[in-house]
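The structure file run20.txt is reproduced below (compact mmCIF, C-alpha atoms).
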```txt
# COMPACT_ATOMS: atom_id res chain seq x y z
CA MET A 1 -21.43 -9.56 -14.46
CA SER A 2 -19.40 -12.61 -15.48
CA LEU A 3 -15.87 -12.38 -16.88
CA ARG A 4 -13.32 -15.02 -17.86
CA LEU A 5 -9.71 -13.87 -18.36
CA HIS A 6 -7.49 -16.31 -20.26
CA ALA A 7 -3.71 -15.93 -20.51
CA PRO A 8 -0.59 -18.00 -21.20
CA VAL A 9 0.58 -17.43 -17.61
CA VAL A 10 -1.41 -16.86 -14.42
CA LEU A 11 0.34 -16.12 -11.13
CA PRO A 12 -2.27 -16.66 -8.39
CA CYS A 13 0.22 -15.65 -5.67
CA ASP A 14 -0.65 -18.61 -3.49
CA PRO A 15 1.84 -19.39 -0.69
CA SER A 16 4.06 -21.39 -3.06
CA CYS A 17 3.97 -18.68 -5.77
CA ALA A 18 2.86 -21.21 -8.36
CA VAL A 19 3.09 -20.49 -12.09
CA LEU A 20 0.01 -21.70 -13.98
CA ARG A 21 0.25 -22.21 -17.74
CA ASP A 22 -2.61 -21.70 -20.23
CA ALA A 23 -4.94 -20.77 -17.39
CA VAL A 24 -8.03 -18.71 -16.68
CA VAL A 25 -9.48 -16.51 -13.95
CA ASP A 26 -13.27 -16.48 -13.67
CA VAL A 27 -14.99 -13.55 -11.95
CA VAL A 28 -18.71 -13.54 -11.21
CA ASP A 29 -20.41 -10.61 -9.47
CA GLY A 30 -17.04 -9.17 -8.53
CA ARG A 31 -15.69 -12.32 -6.85
CA ILE A 32 -13.34 -14.96 -8.22
CA THR A 33 -15.02 -18.32 -8.75
CA TYR A 34 -12.27 -20.32 -10.45
CA VAL A 35 -8.51 -20.08 -11.08
CA GLY A 36 -6.70 -22.84 -12.89
CA ALA A 37 -5.89 -24.57 -16.13
CA LEU A 38 -8.20 -23.86 -19.05
CA SER A 39 -8.42 -27.60 -19.70
CA ASP A 40 -9.97 -28.12 -16.26
CA ALA A 41 -12.17 -25.02 -16.21
CA PRO A 42 -15.91 -25.38 -15.69
CA ALA A 43 -18.41 -24.35 -18.33
CA PHE A 44 -18.66 -20.57 -18.43
CA ASP A 45 -21.47 -18.29 -19.56
CA GLY A 46 -20.15 -14.76 -19.80
CA GLU A 47 -17.59 -12.49 -21.44
CA VAL A 48 -14.31 -14.21 -22.32
CA ARG A 49 -11.14 -12.20 -22.90
CA SER A 50 -8.01 -13.86 -24.23
CA LEU A 51 -4.84 -11.98 -23.34
CA THR A 52 -1.24 -12.50 -24.42
CA GLY A 53 0.77 -11.95 -21.24
CA ILE A 54 0.66 -12.57 -17.49
CA LEU A 55 -2.24 -12.29 -15.06
CA LEU A 56 -1.62 -11.68 -11.36
CA PRO A 57 -3.55 -10.24 -8.41
CA GLY A 58 -3.76 -6.51 -7.88
CA LEU A 59 -0.82 -5.25 -5.86
CA ILE A 60 -1.39 -3.93 -2.33
CA ASN A 61 0.31 -0.74 -1.15
CA THR A 62 0.31 -1.22 2.62
CA HIS A 63 1.43 2.29 3.53
CA ALA A 64 0.84 5.50 1.60
CA HIS A 65 -0.09 9.16 1.88
CA SER A 66 -1.16 9.49 -1.75
CA PRO A 67 -2.79 12.95 -1.60
CA MET A 68 0.78 14.22 -1.23
CA THR A 69 1.02 14.13 -5.03
CA VAL A 70 0.45 17.89 -4.65
CA LEU A 71 3.64 18.12 -2.52
CA ARG A 72 5.84 15.88 -4.66
CA GLY A 73 9.47 17.05 -4.72
CA LEU A 74 9.35 19.33 -1.67
CA GLY A 75 12.39 19.12 0.61
CA SER A 76 13.73 16.25 -1.40
CA ASP A 77 17.23 16.48 0.10
CA LEU A 78 16.26 16.72 3.78
CA PRO A 79 16.33 14.02 6.48
CA LEU A 80 13.00 12.78 7.85
CA LEU A 81 12.33 15.07 10.81
CA ARG A 82 13.52 18.25 9.08
CA TRP A 83 11.57 17.25 5.97
CA LEU A 84 8.40 16.89 8.05
CA GLN A 85 8.84 19.99 10.19
CA GLU A 86 10.17 22.40 7.58
CA GLN A 87 8.30 21.36 4.43
CA ILE A 88 5.53 18.81 4.79
CA TRP A 89 3.58 19.75 7.89
CA PRO A 90 3.47 23.52 7.10
CA ASN A 91 2.19 22.81 3.59
CA GLU A 92 -0.28 20.17 4.70
CA ALA A 93 -1.74 22.71 7.14
CA ARG A 94 -2.66 24.84 4.11
CA MET A 95 -4.29 22.01 2.16
CA THR A 96 -8.08 22.06 1.95
CA ALA A 97 -10.38 19.05 1.82
CA GLN A 98 -10.72 19.65 -1.92
CA ASP A 99 -6.92 19.65 -2.28
CA VAL A 100 -6.78 16.23 -0.59
CA GLY A 101 -9.37 14.89 -3.01
CA THR A 102 -7.48 16.32 -5.96
CA GLY A 103 -4.21 14.78 -4.82
CA MET A 104 -5.80 11.41 -4.08
CA LEU A 105 -7.47 11.22 -7.49
CA LEU A 106 -4.15 11.47 -9.30
CA GLY A 107 -2.56 9.12 -6.77
CA ALA A 108 -5.23 6.48 -7.34
CA VAL A 109 -4.88 6.74 -11.12
CA GLU A 110 -1.08 6.55 -10.87
CA MET A 111 -1.24 3.45 -8.69
CA LEU A 112 -3.78 1.68 -10.91
CA ARG A 113 -1.54 2.29 -13.93
CA HIS A 114 1.21 0.51 -11.96
CA GLY A 115 -1.05 -2.42 -11.09
CA VAL A 116 -1.78 -1.28 -7.51
CA THR A 117 -5.45 -1.90 -6.78
CA THR A 118 -5.45 -1.32 -2.99
CA SER A 119 -3.70 1.30 -0.88
CA ALA A 120 -3.65 1.83 2.87
CA GLU A 121 -3.83 5.58 3.29
CA MET A 122 -3.03 7.51 6.47
CA TYR A 123 -4.33 11.01 5.85
CA PHE A 124 -6.97 13.66 6.55
CA HIS A 125 -10.35 14.63 5.04
CA GLY A 126 -11.60 11.08 4.63
CA PRO A 127 -14.83 11.79 2.72
CA GLU A 128 -12.99 13.65 -0.03
CA LEU A 129 -10.21 11.05 -0.18
CA VAL A 130 -12.65 8.16 -0.36
CA SER A 131 -14.70 9.92 -3.04
CA SER A 132 -11.64 10.17 -5.26
CA VAL A 133 -10.78 6.50 -4.76
CA LEU A 134 -14.30 5.49 -5.77
CA ALA A 135 -14.13 7.79 -8.80
CA ALA A 136 -10.96 6.06 -9.98
CA GLY A 137 -12.39 2.62 -9.20
CA SER A 138 -9.59 1.46 -6.93
CA ARG A 139 -9.69 0.16 -3.37
CA VAL A 140 -8.60 1.87 -0.11
CA VAL A 141 -8.04 1.21 3.56
CA PHE A 142 -8.45 4.73 4.93
CA GLY A 143 -6.80 5.36 8.27
CA GLY A 144 -7.80 8.78 9.50
CA ALA A 145 -4.59 10.48 10.64
CA ILE A 146 -4.51 11.26 14.36
CA LEU A 147 -1.93 13.56 15.97
CA ASP A 148 -1.65 15.57 19.17
CA VAL A 149 0.06 18.71 17.86
CA PRO A 150 -0.93 22.39 17.85
CA GLY A 151 -4.09 22.88 15.82
CA MET A 152 -5.20 19.23 16.04
CA ASP A 153 -7.48 17.59 18.60
CA TRP A 154 -6.57 13.91 18.79
CA LYS A 155 -9.79 13.04 20.59
CA ALA A 156 -11.91 14.70 17.93
CA LEU A 157 -9.97 13.00 15.12
CA THR A 158 -10.42 9.63 16.82
CA GLY A 159 -14.09 10.31 17.36
CA GLU A 160 -14.61 11.11 13.69
CA ILE A 161 -13.39 7.68 12.60
CA SER A 162 -15.36 5.90 15.32
CA ALA A 163 -18.55 7.72 14.33
CA TRP A 164 -17.98 6.98 10.64
CA ILE A 165 -17.48 3.26 11.26
CA ASP A 166 -20.54 3.17 13.52
CA ALA A 167 -22.61 4.86 10.81
CA ASP A 168 -21.41 3.13 7.61
CA GLY A 169 -19.72 -0.04 8.84
CA LEU A 170 -16.12 -1.13 8.57
CA ARG A 171 -16.33 -1.81 4.83
CA PHE A 172 -18.67 -0.34 2.27
CA GLY A 173 -19.00 0.89 -1.29
CA PRO A 174 -19.24 -1.04 -4.56
CA GLY A 175 -17.22 -4.23 -4.23
CA GLU A 176 -16.46 -3.22 -0.63
CA ARG A 177 -13.85 -0.85 -2.04
CA VAL A 178 -13.59 1.18 1.18
CA GLU A 179 -12.39 0.01 4.58
CA LEU A 180 -12.10 2.43 7.51
CA ALA A 181 -9.22 2.32 9.97
CA TYR A 182 -7.44 4.36 12.64
CA GLY A 183 -4.20 6.16 11.76
CA PRO A 184 -2.41 7.36 14.90
CA HIS A 185 0.73 8.94 13.48
CA SER A 186 3.47 7.80 15.86
CA ALA A 187 4.75 7.52 19.40
CA TYR A 188 6.44 10.91 19.01
CA THR A 189 3.25 12.79 18.09
CA LEU A 190 1.01 10.93 20.57
CA SER A 191 1.57 9.80 24.15
CA ALA A 192 1.40 6.20 25.32
CA PRO A 193 -2.01 6.71 27.01
CA GLN A 194 -3.36 8.32 23.84
CA LEU A 195 -2.18 5.39 21.71
CA SER A 196 -3.81 3.03 24.21
CA SER A 197 -7.12 4.87 23.96
CA ILE A 198 -7.09 4.84 20.15
CA ALA A 199 -6.20 1.13 20.09
CA ALA A 200 -9.17 0.36 22.34
CA GLU A 201 -11.49 2.15 19.89
CA ALA A 202 -10.03 0.16 17.00
CA ARG A 203 -10.28 -3.21 18.76
CA ALA A 204 -13.87 -2.56 19.74
CA ARG A 205 -14.73 -2.26 16.04
CA GLY A 206 -12.37 -4.85 14.58
CA ALA A 207 -10.62 -2.03 12.77
CA LEU A 208 -7.00 -1.75 11.67
CA PHE A 209 -4.65 0.39 13.80
CA MET A 210 -1.87 1.73 11.54
CA VAL A 211 1.08 3.62 13.03
CA HIS A 212 4.60 4.76 12.08
CA VAL A 213 7.21 2.86 14.10
CA ALA A 214 11.01 3.23 14.27
CA GLU A 215 11.28 4.87 10.86
CA SER A 216 14.46 6.80 11.70
CA PRO A 217 17.00 6.24 14.47
CA PHE A 218 16.30 9.64 16.06
CA GLU A 219 12.51 9.95 16.23
CA ASP A 220 11.78 7.68 19.21
CA GLU A 221 14.56 8.52 21.69
CA ALA A 222 12.07 9.32 24.47
CA ALA A 223 10.18 6.04 23.95
CA ARG A 224 13.42 4.05 23.96
CA ALA A 225 14.59 5.78 27.12
CA GLU A 226 11.38 4.89 28.99
CA PHE A 227 10.28 1.59 27.45
CA GLY A 228 13.27 0.27 25.50
CA SER A 229 11.56 0.55 22.10
CA VAL A 230 8.31 1.64 20.49
CA PRO A 231 7.08 -1.97 20.16
CA ALA A 232 7.75 -2.41 23.90
CA LEU A 233 5.81 0.82 24.53
CA MET A 234 2.94 -0.58 22.46
CA LYS A 235 2.87 -3.78 24.49
CA ALA A 236 3.02 -1.93 27.82
CA SER A 237 0.23 0.41 26.67
CA ASP A 238 -2.12 -2.40 25.58
CA VAL A 239 -1.91 -1.36 21.92
CA LEU A 240 -1.22 -4.87 20.64
CA GLY A 241 -3.75 -7.67 20.39
CA GLY A 242 -6.00 -6.35 17.65
CA ARG A 243 -5.26 -5.68 14.00
CA VAL A 244 -2.05 -3.62 14.04
CA LEU A 245 0.03 -2.44 11.09
CA SER A 246 3.51 -1.11 11.90
CA ALA A 247 4.73 1.13 9.08
CA HIS A 248 8.45 1.32 8.23
CA SER A 249 9.73 -0.57 11.31
CA VAL A 250 13.33 -0.03 10.23
CA HIS A 251 15.09 -0.09 13.59
CA LEU A 252 13.72 -3.17 15.36
CA SER A 253 15.62 -5.43 17.74
CA ASP A 254 15.35 -9.20 17.89
CA ASP A 255 12.99 -8.78 20.86
CA ASP A 256 10.83 -6.34 18.90
CA ILE A 257 10.53 -8.77 15.99
CA ALA A 258 9.65 -11.65 18.33
CA LEU A 259 7.03 -9.42 19.99
CA TYR A 260 5.47 -8.60 16.62
CA ALA A 261 5.39 -12.26 15.67
CA SER A 262 3.71 -13.25 18.94
CA PHE A 263 0.96 -10.61 18.56
CA GLY A 264 0.44 -10.98 14.79
CA VAL A 265 1.52 -7.43 14.00
CA GLY A 266 1.86 -6.71 10.28
CA VAL A 267 4.69 -4.61 8.87
CA ALA A 268 4.57 -2.19 5.93
CA HIS A 269 8.09 -2.18 4.47
CA CYS A 270 8.87 1.02 2.51
CA PRO A 271 12.36 0.55 1.06
CA GLY A 272 12.26 3.42 -1.44
CA SER A 273 11.21 6.06 1.07
CA ASN A 274 13.53 4.70 3.74
CA ALA A 275 16.46 4.97 1.33
CA LYS A 276 15.58 8.44 0.04
CA LEU A 277 15.24 9.84 3.57
CA ALA A 278 18.35 7.90 4.69
CA SER A 279 16.31 6.22 7.41
CA GLY A 280 17.98 2.82 7.07
CA ILE A 281 17.23 -0.69 5.82
CA ALA A 282 14.58 -2.71 7.62
CA ARG A 283 15.42 -6.22 8.82
CA VAL A 284 13.03 -7.94 6.44
CA PRO A 285 14.75 -11.36 6.28
CA GLU A 286 14.64 -11.59 10.08
CA MET A 287 10.97 -10.57 10.15
CA LEU A 288 9.99 -13.12 7.54
CA ALA A 289 11.98 -15.84 9.30
CA ALA A 290 10.15 -15.04 12.55
CA GLY A 291 6.75 -15.35 10.85
CA VAL A 292 5.89 -11.64 10.73
CA SER A 293 3.56 -10.71 7.86
CA VAL A 294 5.43 -8.15 5.74
CA GLY A 295 3.84 -6.14 2.96
CA LEU A 296 5.27 -3.37 0.82
CA GLY A 297 4.48 0.34 0.90
CA THR A 298 5.50 3.32 -1.16
CA ASP A 299 4.97 5.86 1.62
CA GLY A 300 3.92 9.25 0.26
CA PRO A 301 4.76 10.52 -3.21
CA ALA A 302 6.71 13.36 -1.59
CA SER A 303 9.07 10.98 0.20
CA ASN A 304 9.58 8.27 -2.42
CA ASP A 305 8.70 10.01 -4.91
CA ASP A 306 6.55 7.56 -6.88
CA LEU A 307 3.69 5.16 -6.22
CA ASP A 308 5.14 2.14 -8.01
CA LEU A 309 4.95 -1.01 -5.89
CA PHE A 310 6.81 -3.13 -8.43
CA GLU A 311 9.77 -0.84 -7.81
CA GLU A 312 9.38 -1.41 -4.07
CA ALA A 313 9.43 -5.18 -4.63
CA ARG A 314 12.67 -4.87 -6.57
CA LEU A 315 14.22 -2.58 -3.95
CA ALA A 316 13.11 -4.84 -1.11
CA GLY A 317 14.95 -7.73 -2.67
CA LEU A 318 18.07 -5.76 -3.50
CA PHE A 319 18.35 -4.11 -0.08
CA ALA A 320 17.80 -7.39 1.74
CA ARG A 321 20.53 -9.03 -0.30
CA VAL A 322 23.09 -6.27 0.14
CA SER A 323 22.33 -5.88 3.85
CA LYS A 324 23.10 -9.58 4.33
CA MET A 325 25.70 -9.87 1.56
CA ASP A 326 23.71 -12.89 0.46
CA ALA A 327 22.13 -13.14 -3.00
CA THR A 328 19.83 -15.95 -1.86
CA VAL A 329 18.20 -14.20 1.09
CA LEU A 330 15.12 -12.82 -0.71
CA GLY A 331 14.12 -14.08 -4.15
CA ALA A 332 11.78 -12.85 -6.86
CA ALA A 333 8.94 -15.07 -5.66
CA GLN A 334 9.18 -13.71 -2.10
CA ALA A 335 9.31 -10.14 -3.37
CA LEU A 336 6.19 -10.68 -5.50
CA LEU A 337 4.34 -12.28 -2.61
CA MET A 338 5.21 -9.32 -0.35
CA ALA A 339 3.58 -7.02 -2.93
CA THR A 340 0.41 -9.12 -3.06
CA ARG A 341 -0.50 -11.84 -0.57
CA GLY A 342 1.91 -10.53 2.08
CA GLY A 343 0.31 -7.11 1.91
CA ALA A 344 -3.13 -8.62 2.45
CA ASP A 345 -1.84 -10.60 5.42
CA ALA A 346 -0.20 -7.50 6.91
CA LEU A 347 -3.51 -5.64 6.66
CA GLY A 348 -5.43 -8.55 8.13
CA ARG A 349 -7.38 -9.13 4.90
CA ASP A 350 -8.25 -12.50 3.35
CA ASP A 351 -10.36 -11.17 0.47
CA ILE A 352 -7.63 -9.55 -1.65
CA GLY A 353 -3.98 -10.20 -2.53
CA SER A 354 -4.40 -13.53 -4.31
CA LEU A 355 -6.25 -15.01 -7.24
CA GLU A 356 -8.33 -17.68 -5.53
CA ALA A 357 -12.00 -18.50 -5.29
CA GLY A 358 -13.92 -16.25 -2.95
CA ARG A 359 -11.55 -13.28 -3.11
CA TRP A 360 -12.38 -10.10 -4.96
CA GLY A 361 -11.62 -10.08 -8.67
CA ASP A 362 -8.73 -7.60 -8.55
CA VAL A 363 -6.61 -8.65 -11.52
CA VAL A 364 -3.64 -7.13 -13.36
CA HIS A 365 -2.49 -7.96 -16.89
CA ILE A 366 1.19 -7.58 -17.81
CA ALA A 367 1.78 -7.56 -21.55
CA ALA A 368 4.63 -9.78 -22.74
CA ASP A 369 5.76 -7.45 -25.54
CA ASP A 370 8.83 -6.22 -23.65
CA PRO A 371 12.57 -6.93 -23.73
CA ALA A 372 12.30 -8.33 -20.20
CA PHE A 373 10.21 -11.21 -21.56
CA ALA A 374 12.30 -11.84 -24.67
CA PRO A 375 13.37 -15.23 -23.22
CA GLY A 376 9.72 -16.20 -23.61
CA LEU A 377 6.75 -16.86 -21.37
CA ASP A 378 7.59 -20.55 -21.68
CA ALA A 379 10.80 -19.97 -19.71
CA PRO A 380 11.22 -22.00 -16.51
CA ASP A 381 9.16 -20.73 -13.59
CA ALA A 382 12.05 -19.20 -11.66
CA GLN A 383 13.35 -17.38 -14.74
CA LEU A 384 9.90 -16.06 -15.60
CA LEU A 385 9.39 -14.68 -12.08
CA ALA A 386 12.86 -13.13 -12.18
CA ASN A 387 12.11 -11.42 -15.49
CA LEU A 388 8.87 -10.01 -14.09
CA VAL A 389 10.19 -8.75 -10.73
CA TRP A 390 13.76 -7.75 -11.62
CA GLY A 391 13.28 -6.87 -15.28
CA SER A 392 9.82 -5.76 -16.32
CA GLY A 393 8.17 -4.30 -13.25
CA SER A 394 5.16 -2.11 -13.91
CA ARG A 395 6.05 -0.67 -17.31
CA ARG A 396 3.90 -3.17 -19.23
CA VAL A 397 0.78 -3.05 -17.06
CA THR A 398 -1.92 -2.68 -19.69
CA ASP A 399 -5.19 -3.73 -18.05
CA VAL A 400 -6.52 -3.75 -14.50
CA TRP A 401 -9.79 -5.00 -13.07
CA VAL A 402 -11.10 -4.23 -9.57
CA ALA A 403 -13.98 -6.41 -8.37
CA GLY A 404 -14.28 -7.42 -12.01
CA ASP A 405 -14.62 -3.81 -13.24
CA HIS A 406 -12.23 -2.83 -16.03
CA VAL A 407 -10.58 0.30 -14.57
CA VAL A 408 -7.41 0.44 -16.71
CA ALA A 409 -7.35 -0.38 -20.43
CA GLY A 410 -4.41 0.12 -22.71
CA GLY A 411 -2.44 1.54 -19.79
CA GLU A 412 -4.88 4.37 -19.06
CA SER A 413 -7.75 4.86 -16.63
CA THR A 414 -11.17 4.06 -18.03
CA ARG A 415 -12.83 6.36 -15.50
CA VAL A 416 -10.63 9.42 -15.03
CA ASP A 417 -8.98 11.73 -17.55
CA ARG A 418 -5.39 11.49 -16.35
CA HIS A 419 -4.39 14.79 -17.94
CA GLU A 420 -7.20 16.60 -16.14
CA ALA A 421 -6.15 14.95 -12.88
CA GLN A 422 -2.57 16.09 -13.44
CA ALA A 423 -3.74 19.62 -14.21
CA GLY A 424 -5.75 19.67 -10.97
CA VAL A 425 -2.66 18.75 -8.95
CA ALA A 426 -0.63 21.42 -10.76
CA THR A 427 -3.18 24.07 -9.78
CA VAL A 428 -3.02 23.08 -6.11
CA ALA A 429 0.78 22.92 -6.13
CA ARG A 430 1.05 26.40 -7.64
CA ARG A 431 -1.28 27.85 -4.99
CA LEU A 432 0.72 26.26 -2.20
CA ARG A 433 3.96 27.59 -3.69
CA SER A 434 2.51 31.10 -3.90
CA VAL A 435 1.63 31.02 -0.19
CA ASN A 436 5.16 29.93 0.66
CA LEU A 437 6.79 32.84 -1.17
```
Take the structure in the file and write it out as structure tokens.
Amino acid sequence: MSLRLHAPVVLPCDPSCAVLRDAVVDVVDGRITYVGALSDAPAFDGEVRSLTGILLPGLINTHAHSPMTVLRGLGSDLPLLRWLQEQIWPNEARMTAQDVGTGMLLGAVEMLRHGVTTSAEMYFHGPELVSSVLAAGSRVVFGGAILDVPGMDWKALTGEISAWIDADGLRFGPGERVELAYGPHSAYTLSAPQLSSIAAEARARGALFMVHVAESPFEDEAARAEFGSVPALMKASDVLGGRVLSAHSVHLSDDDIALYASFGVGVAHCPGSNAKLASGIARVPEMLAAGVSVGLGTDGPASNDDLDLFEEARLAGLFARVSKMDATVLGAAQALLMATRGGADALGRDDIGSLEAGRWGDVVHIAADDPAFAPGLDAPDAQLLANLVWGSGSRRVTDVWVAGDHVVAGGESTRVDRHEAQAGVATVARRLRSVNL
């Protein structure tokens, strides 16, 4: 399969956040072979599509629990720990493997319609979750959730992921759409020795270790009392050194940030969820200045409550500015890079997150027929990026390709009937509500 996409503007999301004019993206057998000016493009033998807006890489949601579409709206006015203990965990205990698949299917469709082609999911029932991702045509890093709480055997949960990786490999599926990872929940649901054991399993397989860290100021009091902080606990417990993704990471000290930078730990910044649960504002400018790779995450659709990464990019910029009282501290280009290339870096991936030769052909088209782009696509680069990130966001995502496959056309999934997916979630939600009565 060979595809050339031609548009007035292409944003490859290279480190400089360049703006290419009258440019093309060539995809052959799922991989990008050329990105650049049409005038310099090589001869091409394949399908050519001329579009009228902006092309950019698929966005990367670095932290999500997307099957929670079936729980959306529950406990929406509770703080984090009460929300988990009173609403989320009791309802998740009643969810079946089929429920997880149903929730993930709608989540994948919702994200694709917002231009999100990859999500890092910490959840349960991996086979059903992965099946739904493949049905929608998106991409996933599945971190099997691991907790040591009543009714859950952390060793067995760890063993399931290890066995799956050993059987199928770290990445598999069409266009390598699936990557397997370890998802230990947190330092307050697992002990330091348990985290150490899980990290050793992950390092032995080159797998990602994704964990909630310092999301709220109250969750890690025991770890702070013994180690000083959760990052310090992770260092003392030999958790660091492999591929590590620290979700939320709101309450980090200067020493914690320096530690993350020295070990190459990635951070999944979730500004919408952190604001809704009143968890705080992460120190993103300090992390970026220290060289920490920071991506964006939505968290779950019951704590955000959407799966729109463009909104997270906007919030990340606004919160950083107001926290520093400095309108220059995080610009539109930085926010866009956090949603794309920065997310890939945080996950330890060099095959997604940018439009460049060799990476997968995950491409998003933003139509220009919108008031946000009334100044014109020929506006100066900085103005164009501002209109995309601060003004347009995801509302004009019309087409999405994953590994060159056209999975969204005209704003709707080409593979899944969205209305049927919504009806499936409604059925699960009603059953869960009836049990709670």
query: What residues have an atom no more than 12 Å from (1.4, 2.5, -12.6) in the file's own frame, counting only C-alpha atoms, and can you write them as JSON, numbers by chain?
result: {"A": [58, 59, 61, 106, 107, 108, 109, 110, 111, 112, 113, 114, 115, 116, 117, 306, 307, 308, 309, 310, 311, 364, 365, 366, 393, 394, 395, 396, 397, 398, 399, 400, 408, 410, 411, 412, 413, 418]}
Computed interatomic separation between CA of Ala225 in chain A and CA of Leu78 in chain A (Å):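 Separation between CA of Ala225 in chain A and CA of Leu78 in chain A: 25.8 Å.
Across the model, the gap from CA of Val267 in chain A to CA of Trp360 in chain A is 22.6 Å.
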task: Rounded to one decimal place, report the CA of Asp238 in chain A-CA of Lys155 in chain A distance in Å.
output: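 Interatomic distance, CA of Asp238 in chain A to CA of Lys155 in chain A: 17.9 Å.
Comparing A:Pro217, A:Gly137, A:Pro12, A:Pro285 by their smallest distance to Val416 in chain A, the closest is A:Gly137 (using only C-alpha atoms).
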field: Residue neighbourhood Ile146 in chain A, 8 Å, all atoms listed in the file, exclusion window fewer than 4 positions, as a list of chain:residue names
entry: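 Result of the neighbour search: A:Trp154, A:Leu157, A:Thr158, A:Tyr182, A:Gly183, A:Pro184, A:His185.
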Produce a file of the selected residues containing C-alpha atoms, as a PDB file, keeping the file's coordinate frame.
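Generated file (selection34.pdb):
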```pdb
ATOM      1  CA  TRP A 154      -6.570  13.910  18.790  1.00  0.00           C
ATOM      2  CA  LEU A 157      -9.970  13.000  15.120  1.00  0.00           C
ATOM      3  CA  THR A 158     -10.420   9.630  16.820  1.00  0.00           C
ATOM      4  CA  TYR A 182      -7.440   4.360  12.640  1.00  0.00           C
ATOM      5  CA  GLY A 183      -4.200   6.160  11.760  1.00  0.00           C
ATOM      6  CA  PRO A 184      -2.410   7.360  14.900  1.00  0.00           C
ATOM      7  CA  HIS A 185       0.730   8.940  13.480  1.00  0.00           C
TER       8      HIS A 185
END
```
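Counting all atoms listed in the file, the residue from A:Gln334, A:Ser131, A:Asn304, A:Ser39 that sits nearest to Thr69 in chain A is A:Asn304.
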message: Need to verify the contact set: Leu20 in chain A, 12 Å, only C-alpha atoms, exclusion of same-chain residues closer than 4 positions in sequence. Can you return it as JSON, numbers by chain?
response: {"A": [6, 7, 8, 9, 10, 11, 12, 13, 14, 16, 24, 25, 35, 36, 37, 38, 39, 54, 55, 56, 355, 377, 378, 380, 381, 384, 385]}
query: Looking at all atoms listed in the file, which of A:Pro301, A:Gly228, A:Gly317, A:Gly358 is the one that sits closest to Met68 in chain A?
result: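 So, comparing all the options, the nearest one is A:Pro301.
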Give me the residues of range 27-114 of chain A that have any atom at most 12 Å from an atom of range 245-266 of chain A; for each, the nearest atom pair and the distance in Å, rounded to one decimal. Use only C-alpha atoms, sort by chain and number, and format it as CSV.
```
residue,atom,partner,partner_atom,distance
A:Asn61,CA,A:Ala247,CA,11.3
A:Thr62,CA,A:Ala247,CA,8.2
A:His63,CA,A:Ala247,CA,6.6
A:Ala64,CA,A:Ala247,CA,9.5
A:His65,CA,A:Ala247,CA,11.8
```
